[in-house]
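Structure file data04.cif (mmCIF, C-alpha atoms) follows.
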data_entry
loop_
_atom_site.label_atom_id
_atom_site.label_comp_id
_atom_site.auth_asym_id
_atom_site.auth_seq_id
_atom_site.Cartn_x
_atom_site.Cartn_y
_atom_site.Cartn_z
CA TYR A 5 0.00 0.00 0.00
CA LYS A 6 2.76 2.43 0.96
CA GLU A 7 4.67 1.56 -2.22
CA ARG A 8 1.61 2.46 -4.29
CA LYS A 9 1.33 5.76 -2.44
CA PHE A 10 5.00 6.41 -3.13
CA ASN A 11 4.68 5.68 -6.84
CA THR A 12 1.50 7.70 -7.21
CA LYS A 13 2.79 10.81 -5.47
CA ASN A 14 6.21 11.04 -7.10
CA THR A 15 6.74 12.41 -10.60
CA VAL A 16 9.68 12.34 -12.96
CA GLY A 17 11.98 15.37 -12.95
CA LYS A 18 12.06 16.16 -9.22
CA ASP A 19 15.41 16.45 -7.51
CA SER A 20 16.32 14.11 -4.65
CA ARG A 21 15.43 16.58 -1.90
CA GLN A 22 11.98 17.20 -3.31
CA THR A 23 11.50 13.47 -3.86
CA ALA A 24 12.45 12.65 -0.28
CA ALA A 25 10.10 15.30 1.08
CA MET A 26 7.24 14.10 -1.09
CA THR A 27 7.88 10.48 -0.08
CA LEU A 28 7.85 11.35 3.61
CA GLN A 29 4.64 13.32 3.22
CA SER A 30 3.01 10.47 1.29
CA LEU A 31 3.90 7.92 3.96
CA MET A 32 2.67 10.18 6.74
CA GLU A 33 -0.64 10.66 4.92
CA ALA A 34 -0.92 6.90 4.37
CA ASP A 35 -0.31 6.16 8.06
CA ARG A 36 -2.87 8.76 9.03
CA ASP A 37 -5.45 7.35 6.59
CA ILE A 38 -5.13 3.74 7.76
CA GLY A 39 -3.99 4.27 11.33
CA SER A 40 -7.50 3.94 12.75
CA ASP A 41 -8.30 0.78 10.78
CA SER A 42 -7.87 -2.01 13.33
CA ASN A 43 -8.59 -4.65 10.68
CA LEU A 44 -5.34 -3.80 8.91
CA GLU A 45 -3.47 -4.11 12.18
CA ASP A 46 -5.16 -7.41 13.08
CA PRO A 47 -6.22 -9.29 9.93
CA TRP A 48 -7.03 -12.37 12.04
CA HIS A 49 -10.09 -10.51 13.35
CA GLY A 50 -11.72 -10.62 9.92
CA ALA A 51 -10.53 -14.15 9.28
CA LEU A 52 -12.17 -15.38 12.49
CA GLY A 53 -15.40 -13.53 11.71
CA LEU A 54 -15.71 -15.24 8.33
CA HIS A 55 -14.69 -18.60 9.85
CA LEU A 56 -17.45 -18.38 12.48
CA TYR A 57 -19.99 -17.22 9.89
CA LEU A 58 -19.34 -20.28 7.73
CA LEU A 59 -19.20 -22.55 10.78
CA ALA A 60 -22.62 -21.38 11.99
CA GLN A 61 -24.16 -22.06 8.59
CA ARG A 62 -22.60 -25.52 8.43
CA GLN A 63 -23.90 -26.31 11.92
CA LEU A 64 -27.35 -25.03 11.05
CA TYR A 65 -27.71 -27.07 7.88
CA THR A 66 -26.45 -30.25 9.57
CA GLY A 67 -29.08 -29.97 12.28
CA GLN A 68 -26.79 -28.72 15.08
CA HIS A 69 -29.23 -25.98 16.02
CA SER A 70 -27.88 -25.23 19.49
CA ASN A 71 -24.30 -24.99 18.28
CA ALA A 72 -25.40 -22.89 15.31
CA MET A 73 -27.16 -20.38 17.58
CA HIS A 74 -24.18 -20.09 19.95
CA THR A 75 -21.81 -19.59 17.02
CA ALA A 76 -24.09 -17.08 15.28
CA LEU A 77 -24.39 -15.01 18.47
CA GLN A 78 -20.61 -14.59 18.46
CA LEU A 79 -20.89 -12.75 15.15
CA VAL A 80 -22.07 -9.51 16.73
CA ARG A 81 -18.36 -8.81 17.33
CA TYR A 82 -17.84 -8.66 13.58
CA GLU A 83 -20.21 -6.00 12.26
CA ASP A 84 -17.09 -4.18 11.07
CA VAL A 85 -16.16 -6.99 8.65
CA LEU A 86 -19.49 -8.73 7.93
CA ASP A 87 -22.77 -7.32 6.68
CA PRO A 88 -25.04 -6.77 9.73
CA LYS A 89 -27.99 -7.97 7.63
CA ASP A 90 -26.24 -11.32 7.14
CA ILE A 91 -25.27 -11.52 10.82
CA TYR A 92 -28.70 -10.88 12.30
CA SER A 93 -30.52 -12.89 9.66
CA LEU A 94 -28.37 -15.88 10.60
CA ILE A 95 -28.92 -15.26 14.33
CA ALA A 96 -32.67 -15.06 13.77
CA LEU A 97 -32.74 -18.27 11.74
CA ALA A 98 -30.50 -20.23 14.10
CA SER A 99 -32.38 -19.00 17.20
CA PHE A 100 -35.72 -19.84 15.62
CA SER A 101 -34.48 -23.34 14.75
CA ASN A 102 -33.26 -23.75 18.35
CA ARG A 103 -36.58 -22.35 19.69
CA PHE A 104 -34.88 -19.48 21.51
CA PHE A 105 -37.51 -16.95 20.56
CA GLY A 106 -36.10 -14.25 22.83
CA GLN A 107 -32.83 -14.24 20.90
CA CYS A 108 -34.77 -14.52 17.66
CA SER A 109 -36.89 -11.47 18.56
CA ARG A 110 -33.82 -9.38 19.39
CA ALA A 111 -32.30 -10.29 16.03
CA PHE A 112 -35.46 -9.15 14.22
CA ILE A 113 -35.48 -5.88 16.16
CA ARG A 114 -31.90 -5.27 15.06
CA LEU A 115 -32.75 -6.09 11.45
CA GLU A 116 -35.67 -3.70 11.43
CA SER A 117 -33.41 -0.89 12.67
CA LEU A 118 -30.68 -1.25 10.04
CA ASP A 119 -30.20 1.92 8.01
CA SER A 120 -28.93 -0.12 5.08
CA LEU A 121 -32.35 -1.72 4.50
CA THR A 122 -35.11 -0.21 2.41
CA GLU A 123 -38.50 0.43 3.94
CA GLU A 124 -39.89 -2.43 1.86
CA GLU A 125 -37.28 -4.83 3.32
CA LYS A 126 -38.01 -3.65 6.86
CA GLU A 127 -41.72 -4.24 6.34
CA LYS A 128 -41.03 -7.78 5.18
CA TYR A 129 -39.00 -8.44 8.32
CA LYS A 130 -41.79 -6.99 10.46
CA ASP A 131 -44.39 -9.19 8.78
CA LEU A 132 -42.22 -12.28 9.20
CA ALA A 133 -41.57 -11.45 12.85
CA MET A 134 -45.29 -10.97 13.45
CA SER A 135 -46.08 -14.37 11.94
CA ILE A 136 -43.50 -16.01 14.23
CA PHE A 137 -44.23 -14.29 17.52
CA VAL A 138 -48.03 -14.46 17.32
CA LYS A 139 -47.60 -18.20 17.85
CA ASN A 140 -44.38 -18.14 19.88
CA PRO A 141 -43.85 -15.66 22.74
CA PRO A 142 -40.45 -13.96 22.44
CA LYS A 143 -38.93 -15.80 25.39
CA ASP A 144 -35.96 -18.12 25.70
CA PRO A 145 -36.17 -21.46 27.52
CA PRO A 146 -34.26 -21.65 30.82
CA THR A 147 -30.51 -22.11 30.53
CA ARG A 148 -27.95 -23.04 33.11
CA ASP A 149 -25.77 -20.06 34.03
CA THR A 150 -22.05 -20.39 33.45
CA ALA A 151 -19.42 -18.75 35.64
CA CYS A 152 -16.92 -16.18 34.43
CA PRO A 153 -13.48 -17.83 34.57
CA ILE A 154 -12.01 -14.62 36.01
CA CYS A 155 -14.45 -13.45 38.70
CA SER A 156 -16.92 -16.39 38.83
CA ALA A 157 -19.95 -14.13 38.23
CA ALA A 158 -22.92 -15.68 36.43
CA CYS A 159 -22.89 -15.30 32.63
CA ASN A 160 -25.10 -16.43 29.79
CA PRO A 161 -23.49 -19.33 27.93
CA TRP A 162 -23.09 -17.17 24.80
CA ASP A 163 -21.76 -14.02 26.50
CA GLN A 164 -18.71 -12.41 24.93
CA GLN A 165 -17.92 -10.28 27.96
CA CYS A 166 -18.50 -10.80 31.66
CA PRO A 167 -21.26 -8.40 32.82
CA HIS A 168 -19.55 -8.05 36.20
CA CYS A 169 -15.79 -7.67 35.62
CA ASN A 170 -15.96 -6.91 31.85
CA ALA A 171 -13.42 -9.65 31.08
CA SER A 172 -13.50 -10.67 27.43
CA ILE A 173 -14.61 -14.27 27.01
CA PRO A 174 -12.84 -16.13 24.19
CA VAL A 175 -14.57 -18.30 21.63
CA CYS A 176 -13.65 -21.83 20.59
CA ILE A 177 -12.83 -21.86 16.87
CA VAL A 178 -13.96 -25.50 16.57
CA SER A 179 -17.35 -25.43 18.32
CA GLY A 180 -18.13 -21.70 18.07
CA ARG A 181 -19.03 -21.64 21.77
CA ALA A 182 -17.72 -19.26 24.41
CA ILE A 183 -14.97 -20.71 26.60
CA PHE A 184 -15.78 -20.65 30.32
CA THR A 185 -12.85 -22.71 31.52
CA GLN A 186 -9.14 -22.24 32.05
CA ASN A 187 -8.43 -25.55 30.33
CA TYR A 188 -8.13 -24.64 26.67
CA PHE A 189 -5.56 -24.70 23.90
CA THR A 190 -4.14 -21.67 22.10
CA CYS A 191 -2.79 -21.87 18.54
CA GLY A 192 0.82 -20.72 18.30
CA ARG A 193 0.25 -18.77 15.08
CA CYS A 194 -3.17 -17.08 15.11
CA HIS A 195 -3.46 -17.22 18.94
CA PHE A 196 -7.12 -18.22 18.92
CA ASN A 197 -8.46 -20.85 21.24
CA ILE A 198 -9.87 -24.38 21.18
CA TYR A 199 -11.54 -26.34 23.96
CA GLU A 200 -9.03 -28.80 25.38
CA ARG A 201 -11.36 -31.74 24.79
CA LEU A 202 -11.66 -30.88 21.08
CA VAL A 203 -8.06 -30.12 20.15
CA ARG A 204 -7.04 -33.79 20.03
CA ARG A 205 -9.16 -34.18 16.88
CA PHE A 206 -6.84 -31.90 14.91
CA VAL A 207 -3.25 -31.92 13.70
CA ASN A 208 -3.49 -28.42 12.26
CA CYS A 209 -5.35 -25.32 13.42
CA PRO A 210 -8.80 -25.21 11.75
CA LEU A 211 -8.41 -21.46 11.22
CA CYS A 212 -4.81 -20.80 10.13
CA HIS A 213 -3.67 -24.42 9.49
CA ALA A 214 -0.54 -24.07 11.63
CA ASP A 215 0.89 -27.17 13.30
CA LEU A 216 -0.88 -27.42 16.64
CA GLN A 217 2.22 -28.89 18.26
CA GLU A 218 3.47 -25.31 18.41
CA GLY A 219 0.47 -24.19 20.47
CA VAL A 220 0.05 -23.67 24.20
CA ARG A 221 -2.14 -25.55 26.68
CA ASN A 222 -3.64 -23.20 29.28
CA GLN A 223 -4.44 -24.88 32.57
CA SER A 224 -3.83 -22.14 35.13
CA SER A 225 -6.32 -21.65 37.95
CA SER A 226 -6.23 -17.85 37.55
CA GLY A 227 -5.64 -15.49 34.66
CA ARG A 228 -6.67 -16.07 31.07
CA GLY A 229 -3.49 -17.24 29.39
CA ALA A 230 -2.08 -16.18 26.06
CA GLY A 231 -5.09 -16.58 23.78
CA ARG A 232 -7.17 -13.99 21.99
CA ALA A 233 -10.73 -13.18 22.94
#

Target format structure tokens, applied to this file:
Amino acid sequence: YKERKFNTKNTVGKDSRQTAAMTLQSLMEADRDIGSDSNLEDPWHGALGLHLYLLAQRQLYTGQHSNAMHTALQLVRYEDVLDPKDIYSLIALASFSNRFFGQCSRAFIRLESLDSLTEEEKEKYKDLAMSIFVKNPPKDPPTRDTACPICSAACNPWDQQCPHCNASIPVCIVSGRAIFTQNYFTCGRCHFNIYERLVRRFVNCPLCHADLQEGVRNQSSSGRGAGRA
């Protein structure tokens, strides 16, 4: 990118001092333009978002409705790299299939508020939501609370952040579920996490394909280890 900026800004016939000044200015402008783009600094963020999006669809269409819903709910972290319409449509479909009508209702509310949709599209979502929730109250079935691995406060099993201590809760790149244990495996290349009980099924990381022998097993009783959230 910086090389393109350099080539675009410079013209033939300038002396070396002018060229150096123009090059410096071009690079400073480039850094300023992209400096706030976290996706360029951390390309794995986008890679994981797409990975989870495809995983949720695969789980949904193979009848793993609970797993599909948990994975789809992780996608709200990735509105910066995925189309929000795709995210919340998938959450609505997976939650409906899993009969979690509270989550399904929240997804429809988000869809109906998207500025990117036309009024005609919003009306179609409203009509579809009405047809669902007339027969099914927008409530979720009871779930067993899970404990934050940092402060032990109660969390929903799909939470991405502890509501008490605000600790970020990592996601398993194999199952798509949030990790509420200190016993997990971290890939040595992409630094994302896998449930310890699932890692033995793989020789290579399912996200970046690195050799998992170079990863780290986290088994400490306190602290979160080296993995990404």

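By chain and then residue number, the residues within 10 Å of segment 155-161 of chain A are His74, Thr147, Arg148, Asp149, Thr150, Ala151, Cys152, Pro153, Asp163, Gln164, Gln165, Cys166, Pro167, His168, Cys169, Asn170, Ala171, Arg181, Ala182, Ile183, Phe184, Ser226 and Gly227 of chain A, counting only C-alpha atoms and disregarding those fewer than 2 positions away in sequence.
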
Ground truth for the PyMOL selection byres ((chain A and resi 55) around 12), written as a PyMOL selection string: chain A and resi 48-54+56-62+75-76+78-79+82+85-86+175-180+196+210-212

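Atom pair atom CA of Tyr188 of chain A / atom CA of Asn222 of chain A has a distance of 5.4 Å (rounded to one decimal).
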
What is the distance between atom CA of Arg201 of chain A and atom CA of Leu77 of chain A, in Å to one decimal? 22.1 Å

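Between atom CA of Asp144 of chain A and atom CA of Phe100 of chain A the interatomic distance comes to 10.2 Å.
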
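Proximity ranking of A:Ser109, A:Asn208, A:Gln217, A:Asn197 relative to Tyr92 of chain A places A:Ser109 first, based on all atoms listed in the file.
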
Find, counting all atoms listed in the file, the residue in A:Lys143, A:Arg193, A:His69, A:Lys130 that gets nearest to Ala98 of chain A. A:His69

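On the file presented, the PyMOL selection byres ((chain A and resi 129) around 12) picks out Lys89, Tyr92, Ser93, Ala96, Cys108, Ser109, Ala111, Phe112, Ile113, Arg114, Leu115, Glu116, Ser117, Leu118, Leu121, Thr122, Glu123, Glu124, Glu125, Lys126, Glu127, Lys128, Lys130, Asp131, Leu132, Ala133, Met134, Ser135 and Ile136 of chain A.
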
Could the centre and edge lengths of an axis-aligned box, enclosing all atoms of segment 203-217 of chain A in the file with 3 Å extra on each side, be given in Å to one decimal as JSON?
{"center_x": -3.5, "center_y": -27.5, "center_z": 14.8, "size_x": 17.4, "size_y": 19.4, "size_z": 16.7}
